>>> print(open('work-v3.txt').read())   # compact mmCIF, C-alpha atoms
# COMPACT_ATOMS: atom_id res chain seq x y z
CA MET T 7 90.95 91.01 85.66
CA GLU T 8 90.43 93.26 88.69
CA LEU T 9 92.98 96.01 88.26
CA PHE T 10 94.10 98.62 90.79
CA ILE T 11 97.09 100.96 90.78
CA GLY T 12 99.07 101.69 93.92
CA LEU T 13 101.34 104.71 94.25
CA MET T 14 103.82 105.31 97.07
CA SER T 15 106.28 108.10 97.82
CA GLY T 16 107.89 107.29 101.14
CA THR T 17 109.77 109.05 103.89
CA SER T 18 113.09 108.44 102.16
CA LEU T 19 111.96 110.72 99.29
CA ASP T 20 113.83 108.59 96.77
CA GLY T 21 110.99 108.85 94.26
CA VAL T 22 107.54 107.50 93.43
CA ASP T 23 106.89 103.79 92.93
CA GLY T 24 103.77 102.55 91.19
CA VAL T 25 102.33 99.13 90.46
CA LEU T 26 99.44 97.81 88.43
CA ALA T 27 98.03 94.97 90.52
CA ASP T 28 95.54 92.36 89.35
CA PHE T 29 93.39 91.03 92.20
CA GLY T 30 91.62 88.63 89.86
CA THR T 31 94.39 86.08 90.49
CA THR T 32 95.42 84.19 93.63
CA PRO T 33 97.80 85.39 94.83
CA LEU T 34 97.47 88.83 93.29
CA THR T 35 99.66 89.54 90.27
CA VAL T 36 101.73 92.69 89.72
CA ARG T 37 101.34 93.23 85.99
CA ALA T 38 103.55 96.31 85.76
CA HIS T 39 105.88 98.41 87.86
CA ALA T 40 107.07 101.95 87.16
CA SER T 41 108.94 104.59 89.09
CA ALA T 42 109.89 108.24 88.76
CA ALA T 43 112.47 110.30 90.59
CA LEU T 44 111.52 113.53 92.31
CA ALA T 45 113.08 116.67 90.86
CA PRO T 46 115.73 118.05 93.25
CA GLY T 47 113.69 121.20 93.91
CA LEU T 48 110.54 119.25 94.77
CA LYS T 49 112.47 116.84 97.00
CA ALA T 50 114.08 119.76 98.84
CA GLU T 51 110.70 121.45 99.30
CA LEU T 52 109.06 118.28 100.63
CA LEU T 53 111.92 117.86 103.09
CA ALA T 54 111.63 121.49 104.15
CA LEU T 55 107.89 121.11 104.73
CA ASN T 56 108.63 118.53 107.42
CA ARG T 57 109.60 121.53 109.58
CA PRO T 58 107.76 124.76 110.39
CA GLY T 59 108.50 127.54 107.92
CA ALA T 60 107.22 130.65 106.22
CA ASN T 61 104.11 130.55 104.02
CA GLU T 62 103.65 126.81 104.64
CA LEU T 63 100.07 126.49 103.40
CA HIS T 64 100.84 128.04 100.01
CA ARG T 65 104.05 126.06 99.58
CA ALA T 66 102.41 122.81 100.66
CA ALA T 67 99.55 123.24 98.18
CA LEU T 68 101.93 123.82 95.27
CA ALA T 69 104.18 120.96 96.33
CA ALA T 70 101.14 118.67 96.45
CA ASN T 71 100.22 119.70 92.90
CA ALA T 72 103.75 119.02 91.69
CA LEU T 73 103.79 115.64 93.40
CA MET T 74 100.48 114.66 91.77
CA ARG T 75 102.00 115.42 88.36
CA VAL T 76 104.78 112.94 89.14
CA TYR T 77 102.16 110.43 90.30
CA ALA T 78 100.25 110.93 87.05
CA SER T 79 103.40 110.34 85.00
CA VAL T 80 103.87 106.99 86.78
CA VAL T 81 100.25 106.07 86.04
CA ARG T 82 100.78 106.88 82.36
CA GLN T 83 103.86 104.63 82.33
CA LEU T 84 101.89 101.76 83.87
CA LEU T 85 99.04 102.12 81.38
CA ALA T 86 101.39 102.36 78.42
CA THR T 87 103.42 99.32 79.51
CA SER T 88 100.23 97.29 79.96
CA ALA T 89 98.45 98.63 76.84
CA LEU T 90 95.44 99.57 78.98
CA ALA T 91 92.94 102.41 78.91
CA PRO T 92 92.19 104.37 82.11
CA GLU T 93 88.65 102.98 82.30
CA GLN T 94 90.05 99.45 82.69
CA VAL T 95 91.52 100.36 86.09
CA MET T 96 89.09 100.38 89.00
CA ALA T 97 90.96 102.86 91.19
CA ILE T 98 94.29 104.33 92.17
CA GLY T 99 95.50 104.12 95.76
CA ALA T 100 97.63 107.23 96.32
CA HIS T 101 99.49 107.53 99.60
CA GLY T 102 100.77 111.10 99.26
CA GLN T 103 103.87 112.48 100.99
CA THR T 104 103.93 112.52 104.79
CA VAL T 105 105.11 115.88 106.10
CA ARG T 106 103.69 115.68 109.65
CA HIS T 107 102.81 112.68 111.76
CA GLN T 108 101.62 113.55 115.26
CA PRO T 109 98.86 111.13 116.31
CA GLN T 110 97.33 111.45 119.79
CA MET T 111 99.27 114.65 120.43
CA HIS T 112 98.21 118.22 121.26
CA ASP T 113 94.44 117.75 121.70
CA GLY T 114 94.43 114.01 122.35
CA THR T 115 93.52 113.12 118.77
CA GLY T 116 96.42 114.69 116.92
CA TYR T 117 96.76 114.35 113.18
CA THR T 118 98.73 112.89 110.31
CA LEU T 119 99.27 114.87 107.12
CA GLN T 120 100.13 113.41 103.72
CA LEU T 121 100.50 116.05 101.02
CA ALA T 122 98.35 115.20 98.01
CA ASN T 123 95.75 116.70 95.71
CA PRO T 124 93.61 113.65 94.83
CA SER T 125 91.22 115.79 92.79
CA LEU T 126 94.06 116.87 90.53
CA LEU T 127 95.29 113.28 90.19
CA THR T 128 91.79 112.22 89.14
CA GLU T 129 91.69 115.02 86.56
CA LEU T 130 95.11 114.05 85.20
CA THR T 131 94.40 110.32 84.94
CA GLY T 132 90.65 109.90 84.47
CA ILE T 133 90.66 107.18 87.13
CA ASP T 134 88.97 107.07 90.56
CA VAL T 135 91.48 107.94 93.28
CA VAL T 136 91.51 106.72 96.87
CA ALA T 137 93.66 108.80 99.23
CA ASP T 138 94.05 109.96 102.85
CA PHE T 139 94.18 106.42 104.25
CA ARG T 140 95.62 107.33 107.65
CA SER T 141 93.34 110.07 108.96
CA ARG T 142 90.34 107.86 109.79
CA ASP T 143 92.52 105.58 111.88
CA VAL T 144 93.87 108.58 113.83
CA ALA T 145 90.33 109.94 114.29
CA ALA T 146 89.37 106.57 115.78
CA GLY T 147 92.16 106.79 118.35
CA GLY T 148 94.85 104.98 116.37
CA GLN T 149 98.41 105.81 115.40
CA GLY T 150 97.51 105.94 111.69
CA ALA T 151 100.62 103.86 111.01
CA PRO T 152 101.81 101.42 110.02
CA LEU T 153 98.99 100.29 107.75
CA VAL T 154 100.94 97.76 105.68
CA PRO T 155 100.92 94.92 108.27
CA ALA T 156 97.34 94.09 107.24
CA PHE T 157 98.56 93.65 103.66
CA HIS T 158 101.61 91.69 104.82
CA GLN T 159 99.25 89.28 106.58
CA ALA T 160 97.13 88.86 103.44
CA ARG T 161 100.09 88.43 101.08
CA PHE T 162 102.79 86.66 103.09
CA GLY T 163 100.94 84.88 105.90
CA GLN T 164 101.23 81.10 105.86
CA SER T 165 99.06 78.84 107.98
CA GLY T 166 100.84 77.50 111.04
CA GLN T 167 104.07 79.45 110.46
CA VAL T 168 105.54 82.25 112.53
CA MET T 169 107.24 84.87 110.39
CA SER T 170 108.07 88.55 110.42
CA VAL T 171 107.99 91.14 107.65
CA LEU T 172 110.26 94.16 107.93
CA ASN T 173 109.66 97.18 105.73
CA ILE T 174 112.74 99.42 105.68
CA GLY T 175 111.90 102.71 104.02
CA GLY T 176 112.77 106.08 105.49
CA MET T 177 111.37 104.63 108.71
CA ALA T 178 111.25 100.91 109.53
CA ASN T 179 108.13 99.00 110.51
CA LEU T 180 107.75 95.41 111.59
CA THR T 181 104.91 92.94 111.09
CA VAL T 182 104.79 89.70 113.06
CA LEU T 183 102.52 86.95 111.74
CA SER T 184 101.79 84.14 114.17
CA PRO T 185 98.94 81.69 114.80
CA ALA T 186 99.59 82.24 118.53
CA LEU T 187 98.34 85.83 118.26
CA THR T 188 94.60 86.41 118.76
CA ASP T 189 94.15 87.98 115.31
CA GLY T 190 97.33 86.55 113.83
CA VAL T 191 99.19 89.83 113.38
CA ARG T 192 101.08 92.56 115.23
CA GLY T 193 102.78 95.58 113.71
CA PHE T 194 104.47 98.83 114.69
CA ASP T 195 107.22 101.27 113.73
CA CYS T 196 110.69 100.28 114.95
CA GLY T 197 112.34 103.67 114.36
CA PRO T 198 114.51 105.08 111.59
CA GLY T 199 115.12 102.90 108.57
CA ASN T 200 117.10 104.59 105.80
CA ALA T 201 116.38 108.22 106.68
CA MET T 202 119.30 108.88 109.03
CA MET T 203 121.75 106.96 106.83
CA ASP T 204 120.57 108.80 103.71
CA ASP T 205 120.79 112.22 105.36
CA TRP T 206 124.31 111.56 106.63
CA CYS T 207 125.44 110.16 103.26
CA GLN T 208 124.06 113.22 101.47
CA ARG T 209 125.84 115.50 103.89
CA HIS T 210 129.28 113.86 103.71
CA GLN T 211 129.37 112.00 100.40
CA GLY T 212 127.09 114.16 98.27
CA LEU T 213 125.08 111.05 97.41
CA ALA T 214 121.38 110.43 97.95
CA PHE T 215 122.04 107.10 99.68
CA ASP T 216 124.79 104.65 100.61
CA ALA T 217 124.48 102.15 97.76
CA GLY T 218 124.65 98.63 99.12
CA GLY T 219 125.91 100.00 102.44
CA ALA T 220 129.38 100.14 100.88
CA TRP T 221 130.42 103.26 102.82
CA ALA T 222 129.04 101.91 106.09
CA ALA T 223 131.04 98.73 105.55
CA THR T 224 134.31 100.74 105.69
CA GLY T 225 133.73 102.11 109.20
CA GLN T 226 133.48 100.83 112.75
CA VAL T 227 130.48 100.85 115.08
CA GLN T 228 131.05 103.40 117.84
CA ALA T 229 129.59 101.81 120.96
CA ASP T 230 129.20 105.05 122.94
CA LEU T 231 127.42 106.78 120.08
CA LEU T 232 125.14 103.77 119.54
CA LYS T 233 124.28 103.79 123.25
CA THR T 234 123.43 107.50 123.03
CA LEU T 235 121.22 106.96 119.98
CA LEU T 236 119.43 104.03 121.62
CA ALA T 237 118.64 106.19 124.65
CA GLU T 238 115.96 107.95 122.57
CA PRO T 239 112.72 107.34 124.55
CA PHE T 240 110.80 106.22 121.44
CA PHE T 241 112.67 102.92 121.38
CA ALA T 242 111.44 102.03 124.88
CA LEU T 243 107.78 102.75 124.13
CA THR T 244 105.39 99.81 124.12
CA PRO T 245 103.49 99.28 120.84
CA PRO T 246 101.30 100.45 119.27
CA LYS T 247 103.67 103.20 118.23
CA SER T 248 104.63 105.08 115.09
CA THR T 249 107.15 107.72 114.15
CA GLY T 250 108.56 109.80 111.30
CA ARG T 251 110.73 112.76 110.45
CA ASP T 252 108.91 114.81 113.10
CA LEU T 253 111.23 113.00 115.52
CA PHE T 254 114.05 111.39 113.53
CA SER T 255 115.26 114.45 111.64
CA PRO T 256 118.73 115.83 110.84
CA ASP T 257 118.29 118.12 113.84
CA TRP T 258 117.73 115.07 116.07
CA LEU T 259 120.92 113.50 114.77
CA ASP T 260 122.92 116.70 115.27
CA ARG T 261 121.80 116.82 118.91
CA GLN T 262 122.99 113.25 119.47
CA LEU T 263 126.35 114.03 117.88
CA ILE T 264 127.22 117.04 120.04
CA SER T 265 129.62 114.97 122.16
CA PHE T 266 131.00 113.02 119.19
CA ALA T 267 132.31 115.78 116.93
CA ASP T 268 135.65 114.03 116.41
CA LEU T 269 134.25 110.83 114.95
CA ALA T 270 135.05 109.95 111.36
CA PRO T 271 131.98 110.37 109.13
CA ALA T 272 132.30 106.74 107.96
CA ASP T 273 132.12 105.54 111.57
CA VAL T 274 128.96 107.58 112.11
CA GLN T 275 127.44 105.99 109.00
CA THR T 276 128.33 102.52 110.25
CA THR T 277 126.79 103.30 113.63
CA LEU T 278 123.60 104.66 112.05
CA THR T 279 123.30 101.46 110.04
CA GLU T 280 123.77 99.49 113.24
CA LEU T 281 121.06 101.59 114.89
CA THR T 282 118.57 100.49 112.23
CA ALA T 283 119.71 96.87 112.35
CA SER T 284 119.72 96.64 116.14
CA THR T 285 116.36 98.31 116.73
CA CYS T 286 114.72 96.13 114.08
CA ALA T 287 116.34 92.96 115.42
CA THR T 288 115.31 93.85 118.97
CA ALA T 289 111.73 94.32 117.78
CA VAL T 290 111.72 90.86 116.18
CA LYS T 291 113.10 89.28 119.36
CA MET T 292 110.53 91.10 121.50
CA VAL T 293 107.35 90.47 119.49
CA GLY T 294 108.22 87.58 117.19
CA PRO T 295 110.83 85.50 119.04
CA ASP T 296 109.67 82.32 117.31
CA SER T 297 109.93 83.78 113.81
CA GLN T 298 111.44 81.36 111.36
CA GLN T 299 111.76 83.94 108.58
CA LEU T 300 112.29 87.68 108.30
CA ILE T 301 111.02 88.96 104.95
CA VAL T 302 112.59 92.35 104.18
CA CYS T 303 111.11 94.87 101.76
CA GLY T 304 111.62 98.54 100.96
CA GLY T 305 114.86 100.22 99.98
CA GLY T 306 116.70 98.71 102.94
CA ALA T 307 116.50 95.28 101.29
CA PHE T 308 119.09 96.52 98.77
CA ASN T 309 121.56 97.53 101.51
CA THR T 310 123.86 94.50 101.58
CA HIS T 311 125.66 95.62 104.73
CA LEU T 312 122.39 96.24 106.58
CA MET T 313 121.00 92.85 105.53
CA ALA T 314 124.18 91.16 106.74
CA ARG T 315 123.90 92.90 110.11
CA LEU T 316 120.27 91.84 110.46
CA GLN T 317 121.26 88.23 109.77
CA ALA T 318 124.11 88.43 112.27
CA LEU T 319 121.81 89.80 114.97
CA LEU T 320 119.13 87.17 114.21
CA PRO T 321 121.18 84.00 113.72
CA GLY T 322 118.23 81.61 113.99
CA VAL T 323 116.09 83.46 111.45
CA ALA T 324 116.24 83.27 107.65
CA VAL T 325 116.62 86.93 106.58
CA GLN T 326 115.51 87.25 102.96
CA PRO T 327 114.28 89.97 100.61
CA SER T 328 110.60 89.73 99.69
CA ASP T 329 111.65 88.86 96.12
CA VAL T 330 112.21 85.30 97.36
CA HIS T 331 108.52 85.22 98.32
CA GLY T 332 107.21 86.40 94.97
CA LEU T 333 106.93 90.17 95.42
CA PRO T 334 109.98 92.36 94.72
CA ALA T 335 111.12 94.54 97.62
CA GLN T 336 110.61 97.78 95.71
CA GLN T 337 107.00 96.90 94.87
CA VAL T 338 105.61 95.86 98.26
CA GLU T 339 104.48 99.23 99.62
CA ALA T 340 102.91 100.42 96.37
CA THR T 341 101.10 97.08 96.09
CA ALA T 342 99.88 97.53 99.67
CA PHE T 343 98.20 100.81 98.73
CA ALA T 344 96.58 99.21 95.68
CA TRP T 345 95.25 96.58 98.13
CA LEU T 346 94.07 99.28 100.55
CA ALA T 347 92.33 101.15 97.72
CA ARG T 348 90.47 97.96 96.81
CA LYS T 349 89.37 97.60 100.43
CA THR T 350 88.02 101.16 100.38
CA ILE T 351 86.17 100.75 97.08
CA ARG T 352 84.58 97.56 98.44
CA ARG T 353 83.75 99.32 101.77
CA GLU T 354 85.66 96.64 103.66
CA ALA T 355 86.69 97.71 107.16
CA LEU T 356 90.16 96.87 108.43
CA SER T 357 90.67 95.65 111.99
CA LEU T 358 93.90 97.32 113.05
CA GLN T 359 93.43 97.42 116.82
CA SER T 360 96.49 95.24 117.42
CA ILE T 361 98.59 97.36 115.05
CA THR T 362 97.64 101.02 115.42
CA GLY T 363 95.56 100.87 118.60
CA THR T 364 92.42 102.15 116.88
CA ARG T 365 89.09 101.64 118.68
CA GLY T 366 87.71 99.21 116.11
CA ALA T 367 87.43 98.20 112.48
CA ARG T 368 87.15 101.14 110.08
CA VAL T 369 86.94 101.74 106.35
CA LEU T 370 90.05 103.79 105.53
CA GLY T 371 90.53 106.34 102.78
CA ALA T 372 88.48 108.87 100.86
CA ILE T 373 87.24 108.29 97.29
CA TYR T 374 87.58 110.89 94.54
CA PRO T 375 85.48 109.68 91.57
CA ALA T 376 86.67 110.29 88.02
>>> encode(input="work-v3.txt", output="structure tokens")
Amino acid sequence: MELFIGLMSGTSLDGVDGVLADFGTTPLTVRAHASAALAPGLKAELLALNRPGANELHRAALAANALMRVYASVVRQLLATSALAPEQVMAIGAHGQTVRHQPQMHDGTGYTLQLANPSLLTELTGIDVVADFRSRDVAAGGQGAPLVPAFHQARFGQSGQVMSVLNIGGMANLTVLSPALTDGVRGFDCGPGNAMMDDWCQRHQGLAFDAGGAWAATGQVQADLLKTLLAEPFFALTPPKSTGRDLFSPDWLDRQLISFADLAPADVQTTLTELTASTCATAVKMVGPDSQQLIVCGGGAFNTHLMARLQALLPGVAVQPSDVHGLPAQQVEATAFAWLARKTIRREALSLQSITGTRGARVLGAIYPA
């Protein structure tokens, strides 16, 4: 056995997912999966910290502590389920919660900030922790995101086949795997995934998300609104590119809706779903036009309406959840950070030039020994 834990709390803020991954098998085996919801107060604070506010440093430090306690509870679940002791796990890969993502901005380097307190997580679990995966990539001139395409290549890549992997979390990122590419992989952020849909659903339905896309399925796409949304300059940028709530926030959506105040909320939800589907489908057509499969992971894989729209927009591509390929959609990102932690522990540099635009291969992450 070669056991690592991966922990992920994504932009959608729907909770913390954790996996216990065994790299002693080929392919790797997920031996256990656990998750924990974020308390409403912590979720609200993490959302608030995406925007400037009073006493940010103090609030961010306490929110990071609270988040690490949730992370530690997921680790305890994984250990209990697997009947393992902490010393049997080599390391934890802990992503943290992104509250700012501004690479290459301001001073030319910019920064990316994931709230975490890895030292506290080490104290709470007794296991080495690897964290802060994105900062080294940004320091080396990269976008710092997405990082998961390297894992997608390792886990889903098949010799001689062209395929794409689409992770739909709060934001959506695409990986294209093709033997025609120099290094076999391309990846970048497409734009909003679930974030806009979730925010609108919370506002008008009082629900954290539109389960299965059922509400979106009742409305009609509003062509003028969709055109306005697609006019956002981010969508026209050439990769490498990355984004987050710094751009695609509730305030951004409110600005786009100024001229559409009379639209039914359900129609707005349908149009936001179409925005995600259309920008992702356009990305596949642009970078992976020969893709035979689109493997979908993240929370968006559970949105039946969104999956149907992706299939309709990509008629020649088999659109399938990652479950069909041996790794459940909810486990992919957490498994990716277990994989990244293993790379860090082994001092293996990742070549992400074609994904993030970094200057060269770098070892990502910082190690906090138990």
>>> residues_around(input="work-v3.txt", residues="region 334-346 of chain T", least_positions_apart="3", cutoff="9 Å", atoms="only C-alpha atoms", output="tab-separated table (two decimals) with C-alpha atoms, keeping the file's coordinate frame")
chain	number	residue	atom	x	y	z
T	9	LEU	CA	92.98	96.01	88.26
T	10	PHE	CA	94.10	98.62	90.79
T	11	ILE	CA	97.09	100.96	90.78
T	12	GLY	CA	99.07	101.69	93.92
T	13	LEU	CA	101.34	104.71	94.25
T	14	MET	CA	103.82	105.31	97.07
T	15	SER	CA	106.28	108.10	97.82
T	16	GLY	CA	107.89	107.29	101.14
T	22	VAL	CA	107.54	107.50	93.43
T	23	ASP	CA	106.89	103.79	92.93
T	24	GLY	CA	103.77	102.55	91.19
T	25	VAL	CA	102.33	99.13	90.46
T	26	LEU	CA	99.44	97.81	88.43
T	27	ALA	CA	98.03	94.97	90.52
T	29	PHE	CA	93.39	91.03	92.20
T	36	VAL	CA	101.73	92.69	89.72
T	39	HIS	CA	105.88	98.41	87.86
T	97	ALA	CA	90.96	102.86	91.19
T	98	ILE	CA	94.29	104.33	92.17
T	99	GLY	CA	95.50	104.12	95.76
T	100	ALA	CA	97.63	107.23	96.32
T	101	HIS	CA	99.49	107.53	99.60
T	136	VAL	CA	91.51	106.72	96.87
T	139	PHE	CA	94.18	106.42	104.25
T	153	LEU	CA	98.99	100.29	107.75
T	154	VAL	CA	100.94	97.76	105.68
T	156	ALA	CA	97.34	94.09	107.24
T	157	PHE	CA	98.56	93.65	103.66
T	158	HIS	CA	101.61	91.69	104.82
T	173	ASN	CA	109.66	97.18	105.73
T	302	VAL	CA	112.59	92.35	104.18
T	303	CYS	CA	111.11	94.87	101.76
T	304	GLY	CA	111.62	98.54	100.96
T	305	GLY	CA	114.86	100.22	99.98
T	306	GLY	CA	116.70	98.71	102.94
T	307	ALA	CA	116.50	95.28	101.29
T	308	PHE	CA	119.09	96.52	98.77
T	327	PRO	CA	114.28	89.97	100.61
T	328	SER	CA	110.60	89.73	99.69
T	329	ASP	CA	111.65	88.86	96.12
T	330	VAL	CA	112.21	85.30	97.36
T	331	HIS	CA	108.52	85.22	98.32
T	349	LYS	CA	89.37	97.60	100.43
T	350	THR	CA	88.02	101.16	100.38
T	351	ILE	CA	86.17	100.75	97.08
T	370	LEU	CA	90.05	103.79	105.53
T	371	GLY	CA	90.53	106.34	102.78
>>> closest_atom_pairs(input="work-v3.txt", of="region 205-231 of chain T", to="region 270-286 of chain T", cutoff="9 Å", atoms="only C-alpha atoms", output="Markdown table")
| residue | atom | partner | partner_atom | distance |
| --- | --- | --- | --- | --- |
| T:Trp206 | CA | T:Gln275 | CA | 6.8 |
| T:Cys207 | CA | T:Gln275 | CA | 7.4 |
| T:His210 | CA | T:Pro271 | CA | 7.0 |
| T:Asp216 | CA | T:Gln275 | CA | 8.9 |
| T:Gly219 | CA | T:Thr279 | CA | 8.2 |
| T:Trp221 | CA | T:Ala272 | CA | 6.5 |
| T:Ala222 | CA | T:Thr276 | CA | 4.3 |
| T:Ala223 | CA | T:Thr276 | CA | 6.6 |
| T:Thr224 | CA | T:Ala272 | CA | 6.7 |
| T:Gly225 | CA | T:Asp273 | CA | 4.5 |
| T:Gln226 | CA | T:Asp273 | CA | 5.0 |
| T:Val227 | CA | T:Thr277 | CA | 4.7 |
| T:Gln228 | CA | T:Thr277 | CA | 6.0 |
| T:Ala229 | CA | T:Thr277 | CA | 8.0 |
| T:Leu231 | CA | T:Thr277 | CA | 7.4 |
>>> atom_distance(input="work-v3.txt", atom1="CA of His107 (chain T)", atom2="CA of Asp134 (chain T)")
25.9 Å
>>> closest_residue(input="work-v3.txt", among="T:Phe240, T:Trp258, T:Phe194, T:Tyr77", to="Val290 (chain T)", atoms="all atoms listed in the file")
T:Phe194
>>> atom_distance(input="work-v3.txt", atom1="CA of Ile301 (chain T)", atom2="CA of Ala151 (chain T)")
19.2 Å
>>> closest_residue(input="work-v3.txt", among="T:Val171, T:Pro256, T:Pro245, T:Gly59", to="Gln208 (chain T)", atoms="all atoms listed in the file")
T:Pro256
>>> closest_residue(input="work-v3.txt", among="T:Ala214, T:Ala220, T:Val95, T:Leu180", to="Ala347 (chain T)", atoms="all atoms listed in the file")
T:Val95
>>> closest_residue(input="work-v3.txt", among="T:Arg106, T:Arg209, T:Arg37, T:Lys49", to="Arg140 (chain T)", atoms="only C-alpha atoms")
T:Arg106
>>> atom_distance(input="work-v3.txt", atom1="CA of Thr104 (chain T)", atom2="CA of Ala60 (chain T)")
18.5 Å
>>> closest_residue(input="work-v3.txt", among="T:Arg365, T:His64, T:Arg57, T:Lys291", to="Gln149 (chain T)", atoms="all atoms listed in the file")
T:Arg365
>>> residues_around(input="work-v3.txt", residues="Thr364 (chain T)", least_positions_apart="5", cutoff="9 Å", atoms="only C-alpha atoms", output="list in words")
Asp143, Val144, Ala145, Ala146, Gly147, Gly148, Gln149, Gly150, Ser357, Leu358 and Gln359 of chain T
>>> build_atoms(input="work-v3.txt", residues="region 247-260 of chain T", atoms="N, CA and C atoms", output="PDB file, in the frame of the given file")
ATOM      1  N   LYS T 247     102.903 101.966 118.327  1.00  0.00           N
ATOM      2  CA  LYS T 247     103.670 103.200 118.230  1.00  0.00           C
ATOM      3  C   LYS T 247     104.063 103.442 116.778  1.00  0.00           C
ATOM      4  N   SER T 248     104.230 104.702 116.442  1.00  0.00           N
ATOM      5  CA  SER T 248     104.630 105.080 115.090  1.00  0.00           C
ATOM      6  C   SER T 248     105.490 106.320 115.175  1.00  0.00           C
ATOM      7  N   THR T 249     106.245 106.582 114.133  1.00  0.00           N
ATOM      8  CA  THR T 249     107.150 107.720 114.150  1.00  0.00           C
ATOM      9  C   THR T 249     107.398 108.209 112.736  1.00  0.00           C
ATOM     10  N   GLY T 250     108.246 109.219 112.606  1.00  0.00           N
ATOM     11  CA  GLY T 250     108.560 109.800 111.300  1.00  0.00           C
ATOM     12  C   GLY T 250     109.622 110.857 111.435  1.00  0.00           C
ATOM     13  N   ARG T 251     109.719 111.703 110.429  1.00  0.00           N
ATOM     14  CA  ARG T 251     110.730 112.760 110.450  1.00  0.00           C
ATOM     15  C   ARG T 251     110.423 113.850 111.472  1.00  0.00           C
ATOM     16  N   ASP T 252     109.200 113.863 112.015  1.00  0.00           N
ATOM     17  CA  ASP T 252     108.910 114.810 113.100  1.00  0.00           C
ATOM     18  C   ASP T 252     109.911 114.586 114.238  1.00  0.00           C
ATOM     19  N   LEU T 253     110.265 113.326 114.475  1.00  0.00           N
ATOM     20  CA  LEU T 253     111.230 113.000 115.520  1.00  0.00           C
ATOM     21  C   LEU T 253     112.625 112.762 114.934  1.00  0.00           C
ATOM     22  N   PHE T 254     112.744 111.796 114.034  1.00  0.00           N
ATOM     23  CA  PHE T 254     114.050 111.390 113.530  1.00  0.00           C
ATOM     24  C   PHE T 254     114.446 112.253 112.324  1.00  0.00           C
ATOM     25  N   SER T 255     114.898 113.439 112.638  1.00  0.00           N
ATOM     26  CA  SER T 255     115.260 114.450 111.640  1.00  0.00           C
ATOM     27  C   SER T 255     116.763 114.704 111.704  1.00  0.00           C
ATOM     28  N   PRO T 256     117.318 115.434 110.736  1.00  0.00           N
ATOM     29  CA  PRO T 256     118.730 115.830 110.840  1.00  0.00           C
ATOM     30  C   PRO T 256     119.031 116.595 112.115  1.00  0.00           C
ATOM     31  N   ASP T 257     118.076 117.392 112.586  1.00  0.00           N
ATOM     32  CA  ASP T 257     118.290 118.120 113.840  1.00  0.00           C
ATOM     33  C   ASP T 257     118.432 117.147 115.013  1.00  0.00           C
ATOM     34  N   TRP T 258     117.608 116.086 115.022  1.00  0.00           N
ATOM     35  CA  TRP T 258     117.730 115.070 116.070  1.00  0.00           C
ATOM     36  C   TRP T 258     119.117 114.456 116.055  1.00  0.00           C
ATOM     37  N   LEU T 259     119.598 114.114 114.874  1.00  0.00           N
ATOM     38  CA  LEU T 259     120.920 113.500 114.770  1.00  0.00           C
ATOM     39  C   LEU T 259     122.005 114.460 115.241  1.00  0.00           C
ATOM     40  N   ASP T 260     121.911 115.717 114.850  1.00  0.00           N
ATOM     41  CA  ASP T 260     122.920 116.700 115.270  1.00  0.00           C
ATOM     42  C   ASP T 260     122.972 116.825 116.792  1.00  0.00           C
TER      43      ASP T 260
END
